[in-house]
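Contents: one structure, followed by commentary.
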Amino acid sequence: MSDEMNDEMQLIVDGKRLDGRKFDELREVKIETGVLKRADGSCYLEMGNNKMIAAVYGPREAFPRHMQDPSRAIIRYRYSMAPFSVDERKRPGPDRRSVEISKVSREAFELVVMKELYPRSGIDIFVEVLQADAGTRAACINAASVALVDAGIAMKGIVTSVAIAKVNGEIVLDPFKEEDNYGEADMPFAFVIRDGEIKSIGLLQMDGKLSYDEIRKGLEMAKKGAMEIYRLQREAIIRKYSLEEVE
Amino acid sequence: MSDEMNDEMQLIVDGKRLDGRKFDELREVKIETGVLKRADGSCYLEMGNNKMIAAVYGPREAFPRHMQDPSRAIIRYRYSMAPFSVDERKRPGPDRRSVEISKVSREAFELVVMKELYPRSGIDIFVEVLQADAGTRAACINAASVALVDAGIAMKGIVTSVAIAKVNGEIVLDPFKEEDNYGEADMPFAFVIRDGEIKSIGLLQMDGKLSYDEIRKGLEMAKKGAMEIYRLQREAIIRKYSLEEVE
Amino acid sequence: MSDEMNDEMQLIVDGKRLDGRKFDELREVKIETGVLKRADGSCYLEMGNNKMIAAVYGPREAFPRHMQDPSRAIIRYRYSMAPFSVDERKRPGPDRRSVEISKVSREAFELVVMKELYPRSGIDIFVEVLQADAGTRAACINAASVALVDAGIAMKGIVTSVAIAKVNGEIVLDPFKEEDNYGEADMPFAFVIRDGEIKSIGLLQMDGKLSYDEIRKGLEMAKKGAMEIYRLQREAIIRKYSLEEVE
Amino acid sequence: MGEDILSDIKRDYVLSKLGEDERVDGRKLDEYRNIEIETGIISKAEGSALVRIGNTQVVVGVKMQPGEPYPDTPDTGIIITNAELVPLASPTFEPGPPDENSIELARVVDRGIRESEAIDLKKLVIDEGKVWIIFIDIHALDDDGNLMDASSLGAISALLTTTVPAEKFDTGDNYPLPVRDLPVSITSLVADGKILIDPSRDEMSIGHRLITITSDQKDNIVSIQKSGSYHLTEEKFYELIEISLTKSKEIRDMLGKI
Amino acid sequence: MGEDILSDIKRDYVLSKLGEDERVDGRKLDEYRNIEIETGIISKAEGSALVRIGNTQVVVGVKMQPGEPYPDTPDTGIIITNAELVPLASPTFEPGPPDENSIELARVVDRGIRESEAIDLKKLVIDEGKVWIIFIDIHALDDDGNLMDASSLGAISALLTTTVPAEKFDTGDNYPLPVRDLPVSITSLVADGKILIDPSRDEMSIGHRLITITSDQKDNIVSIQKSGSYHLTEEKFYELIEISLTKSKEIRDMLGKI
Amino acid sequence: MGEDILSDIKRDYVLSKLGEDERVDGRKLDEYRNIEIETGIISKAEGSALVRIGNTQVVVGVKMQPGEPYPDTPDTGIIITNAELVPLASPTFEPGPPDENSIELARVVDRGIRESEAIDLKKLVIDEGKVWIIFIDIHALDDDGNLMDASSLGAISALLTTTVPAEKFDTGDNYPLPVRDLPVSITSLVADGKILIDPSRDEMSIGHRLITITSDQKDNIVSIQKSGSYHLTEEKFYELIEISLTKSKEIRDMLGKI
């Protein structure tokens with residue numbers, strides 16, 4: 001995030017974004033549930049050019065033993081980028097950025113997973129970014145939410161995530177790579193959604209420069225965007241269960 | 001292994017190899033048993049310019065505890081090259097190659113060690129390459145076999161290893177450095193030998209280019225070579241025990 | 001330590017050292033006890049341009065469990081340099097030098113801490129070098145001694161440390177950076193002091209070139225210096241307890 | 001065991017006081033602890049500061065050296081921010097490589113400096129292919145709560161007193177590092193419908209429910225980090241921004257006097 | 001515990017079927033599962049492929065960048081093959097640095113590509129002291145058995161669709177990576193005197209008793225790896241080579257259509 | 001368990017003999033075990049030596065390669081000393097990165113070589129910005145006590161037989177590495193008011209109470225390392241220096257014959 005090059009980088013042309021979207025328009029989102037056999041739950045998700053797969057294992061015995069909590073499940077969340085997912089090959093293994101993303105994402109899921117139902121156990125959420133195009137932490141969270149449902153983990157709500165950005169002075173929803181690189185601010189949200197309504201903010205980060213009013217505007221836009229994604233998450237889940245003729 | 005330079009590299013001259021050997025001739029092998037005091041069993045082995053020492057510790061309590069198997073011994077095998085063993089100084093510590101060699105070598109020894117006699121225990125085989133000149137994995141296995149006998153570990157057979165190579169279109173036994181570097185193929189074998197006879201192949205790898213017929217020819221040559229090495233292994237063991245006036 | 005540049009580097013001028021000290025004169029030492037809230041004991045110490053903070057935690061449950069000793073406390077000692085403590089930024093984390101210093105320092109403290117009073121427990125001594133100017137291992141030990149007293153750990157004595165050096169052929173006490181870099185020898189001592197008297201040498205290292213006689217002279221000088229530091233350690237402890245109106 | 005019971009009692013006490021809008025150390029909900037800043041304490045460093053917030057203590061050192069720019073930004077200097085939660089500072093910190101908490105700490109401090117554009121990285125080019133690298137090393141000494149703000153304050157204070165060591169590297173005369181903004185982080189604990197600014201360690205017993213909001217001198221928000229697993233409502237969020245903007249101005253005044 | 005009993009039952013079932021020359025999924029002993037190959041799925045990569053063998057799924061991405069050659073081979077490009085058995089793909093994979101299984105996987109795939117001379121490394125020289133480095137990254141997604149063949153197939157498929165990114169690095173026009181051979185790995189499970197080609201995860205319950213034989217389009221064997229602790233007889237070995245040569249031809253035909 | 005009892009018995013036995021100024025292997029208190037030195041055993045190394053002190057065995061290999069000098073000492077070569085306590089050598093050594101014992105071993109050996117100025121590092125400059133790096137790699141084979149002296153002896157013996165591989169790196173003709181001093185380490189066990197020179201593993205059962213004193217051929221002490229947690233008195237210290245100076249001369253004579 002840097003606004004050093006704002007003046008030179010024209011990201012809004014004739015009131016439209018470079019990829020033709022309106023300011024409050026999401027990229028195309030594709031969600032498919034149950035794509036992996038070994039995992040207890042899984043989800044493949046595309047969000048624009050982002051491609052990610054989430055897998056959920058658990059509840060299973062937490063290991064090593066001394067990590068077990070006798071009163072609730074331990075949740076692990078691992079955000080990981082494939083070496084080929086970005087322009088410049090990324091060295092395998094976690095870097096500082098992915099450690100931070102994993103931490104704040106895990107904190108969001110700890111709000112909804114009914115951990116006390118699974119004492120001594122571990123619930124592991126692994127998300128692999130196969131292709132990255134800005135907004136990967138949000139897209140991974142959205143995939144992980146669906147994978148958790150697919151795994152049958154009891155939850156008090158669903159987590160849905162989307163970012164807003166400031167680009168050429170305008171607040172826009174769900175920035176793509178160029179907007180992220182040359183925009184003036186980036187603010188990812190994850191919301192806890194229950195009974196079809198946003199109950200709270202579970203994840204919130206920001207970097208760049210935003211005024212108080214821009215933040216308000218951004219949050220409203222993000223809520224709207226999250227509800228759209230929530231509907232797609234729901235559809236993906238229902239689609240799988242109808243295919244399986246469960247309901 | 002690469003045959004890019006075959007045309008240029010003359011490795012067979014007048015039907016003889018560069019070091020004067022015949023195609024099916026081993027390098028000189030020297031084996032000495034019980035060369036270390038601390039180890040439960042040990043062996044120093046030379047095979048041409050290769051020099052290696054093997055030590056066996058065990059059966060002893062496996063550590064850490066959670067690694068113990070209540071019904072059998074855990075075998076560890078560590079192939080390791082001294083930093084000064086090769087032309088270009090090797091950084092200390094295991095690299096990917098030595099991890100792979102350790103794995104396939106361990107798998108061979110698991111076939112003969114009577115693990116079920118030593119529940120909860122660990123049998124550790126450590127082999128240090130002091131000087132390397134092609135065929136180190138085979139030479140290490142041969143040394144480790146003798147060290148296991150020296151340690152008094154119950155075994156259903158002995159493991160004996162040798163490689164064959166293709167060099168200037170010819171199949172040769174026990175390639176040395178130049179043949180390994182500029183030859184067309186390398187195929188290390190380890191055989192399980194019981195009652196003086198080869199019972200099975202315990203380790204088998206190959207890289208390069210070999211036809212089906214060349215592989216057959218190579219395997220026959222390797223079996224012959226292995227039997228020769230086996231006799232030397234046996235002699236070394238007997239020599240030590242006669243010196244100790246055990247028999 | 002290197003005497004390659006002795007001839008060129010004039011470190012003694014008119015019988016005085018570059019910083020104006022006499023040969024057997026310590027740098028200024030400042031000691032303050034109880035400077036940290038979280039630690040069970042702590043000490044801030046300056047010795048010339050050296051600045052260090054020591055913290056003691058314990059006796060507390062040793063972790064991991066299998067490290068516990070049922071009959072006595074386990075002592076850990078961690079000497080650590082802040083990245084900004086030296087001219088060239090130091091990479092964070094322990095290097096070989098600090099591992100060695102931590103080892104020999106720990107061995108000195110194991111002589112005085114009454115470990116058998118604290119079975120199964122751990123006593124952790126952490127010292128951070130905030131600014132380094134030669135003699136950091138000695139200064140850290142001096143700070144750690146005071147922090148141990150501040151933590152109320154039972155001890156059979158106190159450890160007090162100082163180095164001597166050979167500089168332009170002269171034996172000097174408590175060398176500073178230039179004397180350490182360009183001197184001919186460096187010899188750090190840590191003494192065990194009980195009932196106001198030096199009982200033994202607890203830590204001893206040397207590198208450079210010293211004759212037998214120079215070593216004798218250095219040891220005498222070091223003992224004198226250590227007793228001076230010991231008095232300052234004592235004063236710092238008394239000062240704190242009088243402030244606290246304990247006595 | 002004993003530890004847990006103590007922690008429960010502490011938690012109950014903090015919460016019961018909080019029920020009456022009081023804090024265990026007598027502060028008002030929006031009252032910051034006393035702040036002390038000492039600069040220039042490490043003469044080996046190009047810039048340094050010791051910050052105390054109540055009993056919390058952090059040293060930040062700035063070192064600079066010439067190096068190669070990143071290939072994709074050849075004409076900008078480099079900031080590398082690193083935090084060491086050394087085991088000296090808390091019974092819960094262990095020796096070893098940085099864990100997620102120290103990584104988060106370093107990254108949030110870094111974003112405050114970077115996004116406020118406090119340092120003009122374009123001015124840190126020495127030559128073609130050669131720029132200044134600024135290492136900001138955060139060294140926690142005593143964690144009595146809110147290491148985050150102490151670290152941010154330490155970082156900008158150290159930068160404010162940094163001298164570019166040009167002479168040492170034969171690139172001209174030394175000069176003060178130009179700092180053109182003063183980002184200030186305000187961390188709050190959000191619990192029980194209340195906002196506790198600058199939470200102390202004791203107050204953290206009611207849960208790691210933090211948010212850090214960093215603003216620049218033009219009242220832009222330059223960085224936000226929600227840290228911890230808790231539900232944040234929209235209303236609280238807006239309230240937090242307002243409080244943070246107000247408080248940061250007071251602290252920025254202190255920085256102006258360095 | 002429960003896990004073990006289930007595994008015993010599964011093992012007995014696989015073995016009892018095997019006694020009648022049948023496999024639990026209805027396949028014949030020498031029958032491969034259904035193979036699907038999708039290429040070009042990662043536009044950020046220079047080449048990529050998703051390979052499915054039954055339920056086993058692997059993604060392979062190829063990235064290229066200029067770099068220095070190894071000192072002893074100044075006139076040849078470099079292939080670096082890496083495999084990540086990410087914990088997503090199996091309940092038994094743990095996060096962390098590569099273990100012996102992922103190292104073996106990467107090295108066997110690497111040898112297949114390298115020894116078949118599928119890529120002419122001499123053609124990857126850019127300038128004196130500057131060659132192309134090809135990173136082949138194998139990313140396991142779902143391990144339902146035989147990751148080895150899926151990875152090998154993914155690697156050659158990704159290479160077949162790789163564009164050398166010369167423009168990105170200002171070294172001329174982009175061009176397709178020349179691939180001059182099609183190495184194919186065939187992995188079999190050897191147990192109870194039988195050879196089970198392309199073993200599934202369920203079949204692995206009778207033991208890790210594998211052999212991978214890779215051949216080129218001229219029927220040369222270019223790589224063999226016996227993996228697992230079991231006695232291999234000479235007769236079985238020869239039988240395995242014959243089966244592998246036959247099967248690899250069928251699969252190579254699929255590659256020809258990419 | 002059994003291990004501990006055995007160790008207690010051994011300890012008591014060593015101590016009871018010591019009470020009568022005797023050692024368990026029949027040596028006198030100031031008697032060194034038999035020393036054997038074989039040089040040139042590793043032809044791949046520029047220099048090498050196998051040293052046996054009784055049953056203790058260490059191999060030291062010296063490798064040399066051109067490299068960049070340290071920025072602060074542009075006109076001096078580099079010595080890097082590394083010790084591997086490989087698990088082959090003792091039941092208590094575990095695979096893994098160097099621990100504090102192997103680090104101490106390497107550093108003490110290094111200081112003996114370095115401080116005696118046995119190698120004139122100024123003579124190891126090849127060109128501006130290019131110097132010889134000497135890698136001294138210590139490889140313990142069998143630890144029957146006093147690895148320290150065996151390693152020091154191995155290092156100087158290997159250096160004495162080192163050929164600078166100038167031809168291999170196209171920097172002129174090969175030549176013997178000039179060695180201008182012969183540092184010798186003497187390690188003693190200090191216990192029960194006695195000094196046991198060259199302690200064996202059995203004797204170590206009475207405690208890790210060691211001191212290593214290294215001297216050069218002009219009777220300068222060049223390195224001292226007290227290792228282990230024990231009280232050292234002044235008198236013993238002086239006695240140790242005297243013994244070490246005497247013993248080192250005998251051993252240095254052996255080195256002269258290499």
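Numbering starts fresh at 1 for the residues of each chain in the structure tokens, the chains themselves are lettered A, B, ... in the order given, and ligands are numbered from 1 as they appear.
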(message) With only C-alpha atoms as the counted atoms, please give the residues lying no more than 6 Å from range 109-121 of chain C, apart from itself and same-chain residues fewer than 3 positions off, as a list in words.
(response)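 Listed by chain and then number, they are Pro59, Arg60, Glu61, Ala62, Gln68, Asp69, Pro70, Ser71, Arg72, Ala73, Arg106, Ala154, Met155, Lys156 and Gly157 of chain C.
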(request) Check range 73-198 of chain C with DSSP on the backbone and list each residue it calls alpha helix (DSSP H), as JSON, numbers by chain. (result) {"C": [96, 97, 98, 99, 100, 101, 102, 103, 104, 105, 106, 107, 108, 109, 110, 136, 137, 138, 139, 140, 141, 142, 143, 144, 145, 146, 147, 148, 149, 150, 177, 178, 179, 180, 181, 182]}
(request) Determine which residues of range 12-252 of chain F DSSP labels as strand (DSSP E or B) from the backbone of this structure, then write them out as a ChimeraX atom specification. (result) /F:35-39,47-53,56-67,78-84,119,125-127,130-142,163-164,175-176,179,184-191,194-197,210-215,221-227,232
Write a file of the selected residues as a PDB file, in the first residue's frame, keeping C-alpha atoms.
```pdb
ATOM      1  CA  ILE F  35      48.926 -40.167  20.958  1.00  0.00           C
ATOM      2  CA  GLU F  36      48.872 -41.196  17.297  1.00  0.00           C
ATOM      3  CA  ILE F  37      48.697 -38.754  14.439  1.00  0.00           C
ATOM      4  CA  GLU F  38      48.110 -39.762  10.825  1.00  0.00           C
ATOM      5  CA  THR F  39      48.122 -36.986   8.254  1.00  0.00           C
ATOM      6  CA  GLY F  47      45.016 -30.997   4.562  1.00  0.00           C
ATOM      7  CA  SER F  48      43.826 -33.617   7.004  1.00  0.00           C
ATOM      8  CA  ALA F  49      44.723 -35.551  10.091  1.00  0.00           C
ATOM      9  CA  LEU F  50      43.377 -38.396  12.163  1.00  0.00           C
ATOM     10  CA  VAL F  51      44.348 -38.037  15.802  1.00  0.00           C
ATOM     11  CA  ARG F  52      43.996 -40.769  18.393  1.00  0.00           C
ATOM     12  CA  ILE F  53      44.450 -40.064  22.089  1.00  0.00           C
ATOM     13  CA  THR F  56      39.462 -41.018  21.429  1.00  0.00           C
ATOM     14  CA  GLN F  57      39.497 -40.385  17.682  1.00  0.00           C
ATOM     15  CA  VAL F  58      39.025 -37.188  15.727  1.00  0.00           C
ATOM     16  CA  VAL F  59      39.420 -36.432  12.042  1.00  0.00           C
ATOM     17  CA  VAL F  60      40.133 -32.872  11.002  1.00  0.00           C
ATOM     18  CA  GLY F  61      39.910 -31.776   7.400  1.00  0.00           C
ATOM     19  CA  VAL F  62      41.074 -28.461   5.974  1.00  0.00           C
ATOM     20  CA  LYS F  63      39.450 -27.073   2.845  1.00  0.00           C
ATOM     21  CA  MET F  64      40.426 -23.811   1.189  1.00  0.00           C
ATOM     22  CA  GLN F  65      38.610 -21.637  -1.276  1.00  0.00           C
ATOM     23  CA  PRO F  66      38.854 -18.045  -2.451  1.00  0.00           C
ATOM     24  CA  GLY F  67      36.280 -15.621  -1.076  1.00  0.00           C
ATOM     25  CA  ILE F  78      39.681 -15.961   6.954  1.00  0.00           C
ATOM     26  CA  ILE F  79      39.678 -18.997   9.214  1.00  0.00           C
ATOM     27  CA  ILE F  80      36.348 -20.700   9.877  1.00  0.00           C
ATOM     28  CA  THR F  81      36.438 -23.505  12.405  1.00  0.00           C
ATOM     29  CA  ASN F  82      33.513 -25.840  12.769  1.00  0.00           C
ATOM     30  CA  ALA F  83      33.036 -28.925  14.925  1.00  0.00           C
ATOM     31  CA  GLU F  84      30.516 -31.682  14.392  1.00  0.00           C
ATOM     32  CA  ILE F 119      48.823 -18.938  10.214  1.00  0.00           C
ATOM     33  CA  VAL F 125      45.394 -12.307   0.307  1.00  0.00           C
ATOM     34  CA  ILE F 126      45.008 -13.346  -3.339  1.00  0.00           C
ATOM     35  CA  ASP F 127      43.957 -10.063  -4.895  1.00  0.00           C
ATOM     36  CA  LYS F 130      39.812 -11.749  -2.698  1.00  0.00           C
ATOM     37  CA  VAL F 131      41.391 -13.808   0.065  1.00  0.00           C
ATOM     38  CA  TRP F 132      41.742 -17.456   0.994  1.00  0.00           C
ATOM     39  CA  ILE F 133      39.128 -18.866   3.336  1.00  0.00           C
ATOM     40  CA  ILE F 134      40.421 -21.764   5.424  1.00  0.00           C
ATOM     41  CA  PHE F 135      37.713 -24.120   6.639  1.00  0.00           C
ATOM     42  CA  ILE F 136      38.864 -26.267   9.533  1.00  0.00           C
ATOM     43  CA  ASP F 137      36.269 -28.985  10.014  1.00  0.00           C
ATOM     44  CA  ILE F 138      36.532 -31.100  13.131  1.00  0.00           C
ATOM     45  CA  HIS F 139      34.762 -34.423  12.935  1.00  0.00           C
ATOM     46  CA  ALA F 140      34.607 -36.403  16.176  1.00  0.00           C
ATOM     47  CA  LEU F 141      34.634 -40.164  15.608  1.00  0.00           C
ATOM     48  CA  ASP F 142      34.963 -41.681  19.068  1.00  0.00           C
ATOM     49  CA  THR F 163      48.577 -27.438   0.362  1.00  0.00           C
ATOM     50  CA  VAL F 164      47.080 -24.162  -0.838  1.00  0.00           C
ATOM     51  CA  TYR F 175      52.248 -24.254  -2.307  1.00  0.00           C
ATOM     52  CA  PRO F 176      52.353 -25.555   1.255  1.00  0.00           C
ATOM     53  CA  VAL F 179      52.553 -22.462   9.443  1.00  0.00           C
ATOM     54  CA  VAL F 184      49.209 -27.132  21.736  1.00  0.00           C
ATOM     55  CA  SER F 185      46.215 -27.513  24.040  1.00  0.00           C
ATOM     56  CA  ILE F 186      46.436 -29.366  27.326  1.00  0.00           C
ATOM     57  CA  THR F 187      43.163 -30.248  28.986  1.00  0.00           C
ATOM     58  CA  SER F 188      42.973 -31.319  32.600  1.00  0.00           C
ATOM     59  CA  LEU F 189      40.302 -32.471  34.972  1.00  0.00           C
ATOM     60  CA  VAL F 190      40.341 -30.628  38.296  1.00  0.00           C
ATOM     61  CA  ALA F 191      38.776 -32.567  41.135  1.00  0.00           C
ATOM     62  CA  LYS F 194      43.964 -33.156  42.156  1.00  0.00           C
ATOM     63  CA  ILE F 195      44.827 -32.397  38.557  1.00  0.00           C
ATOM     64  CA  LEU F 196      44.266 -35.210  36.051  1.00  0.00           C
ATOM     65  CA  ILE F 197      45.819 -34.429  32.746  1.00  0.00           C
ATOM     66  CA  LEU F 210      37.827 -29.124  32.862  1.00  0.00           C
ATOM     67  CA  ILE F 211      40.310 -26.513  31.909  1.00  0.00           C
ATOM     68  CA  THR F 212      42.102 -26.222  28.597  1.00  0.00           C
ATOM     69  CA  ILE F 213      45.310 -24.231  28.406  1.00  0.00           C
ATOM     70  CA  THR F 214      46.879 -23.668  25.012  1.00  0.00           C
ATOM     71  CA  SER F 215      50.410 -22.409  24.596  1.00  0.00           C
ATOM     72  CA  ILE F 221      49.687 -18.884  26.931  1.00  0.00           C
ATOM     73  CA  VAL F 222      47.447 -18.174  23.940  1.00  0.00           C
ATOM     74  CA  SER F 223      44.098 -19.464  25.138  1.00  0.00           C
ATOM     75  CA  ILE F 224      42.464 -20.637  28.344  1.00  0.00           C
ATOM     76  CA  GLN F 225      39.003 -22.100  28.736  1.00  0.00           C
ATOM     77  CA  LYS F 226      37.584 -23.193  32.038  1.00  0.00           C
ATOM     78  CA  SER F 227      34.719 -25.505  31.130  1.00  0.00           C
ATOM     79  CA  LEU F 232      38.989 -23.219  40.693  1.00  0.00           C
TER      80      LEU F 232
END
```
(request) For each of F:Gly129, F:Pro183, F:Gly112, F:Gly26, take the minimum atom-to-atom distance to chain C, counting only C-alpha atoms, then give the residue where this is smallest. (result)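 Of the candidates, the smallest distance to chain C is held by F:Gly112.
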(message) So that I can check the surroundings of Met227 in chain B, please list as a ChimeraX atom specification every protein, DNA and RNA residue that reaches within 10 Å of it, counting only C-alpha atoms and ignoring chain neighbours fewer than 3 positions away.
(response) /B:160-162,191,193,196-198,222-224,230-233
(message) Ranking A:Tyr212, A:Phe176, A:Tyr241, A:Phe189 by minimum distance to Leu26 in chain A and counting only C-alpha atoms, which one comes first?
(response) A:Phe176
(request) For Met187 in chain C, list every protein, DNA or RNA residue within 8 Å, evaluated using only C-alpha atoms, and leave out those in the same chain fewer than 5 positions away; present the list as a list in words. (result) Ala163, Ile164, Ala165, Leu204, Gln205, Met206 and Asp207 of chain C
(message) With only C-alpha atoms considered, list every residue of chain E at most 10 Å from chain B, as a PyMOL selection string.
(response) chain E and resi 98-108+111-112+114-117+120-122+211-216+218-235+237-238+241-242+245
Using only C-alpha atoms, find each residue of chain B with at least one atom at most 12 Å away from an atom of chain C; report its shortest atom-to-atom pair and that distance in Å (one decimal), sort the rows by chain and rising residue number, and return the result as a Markdown table.
```
| residue | atom | partner | partner_atom | distance |
| --- | --- | --- | --- | --- |
| B:Phe63 | CA | C:His66 | CA | 11.4 |
| B:Pro64 | CA | C:His66 | CA | 9.8 |
| B:Arg65 | CA | C:His66 | CA | 10.2 |
```
(request) Figure out the distance between CA of Gly154 in chain D and CA of Ser90 in chain D, please, to one decimal in Å. (result)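 Atom-to-atom, CA of Ser90 in chain D to CA of Gly154 in chain D, that is 18.6 Å.
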(message) If I take CA of Asp40 in chain B and CA of Gly93 in chain B, how far is one from the other in Å, to one decimal?
(response)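 Distance between the two atoms: 23.7 Å.
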(request) Figure out the distance between CA of Gln217 in chain E and CA of Ala118 in chain E, please, to one decimal in Å. (result)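 Between CA of Ala118 in chain E and CA of Gln217 in chain E the gap is 10.0 Å.
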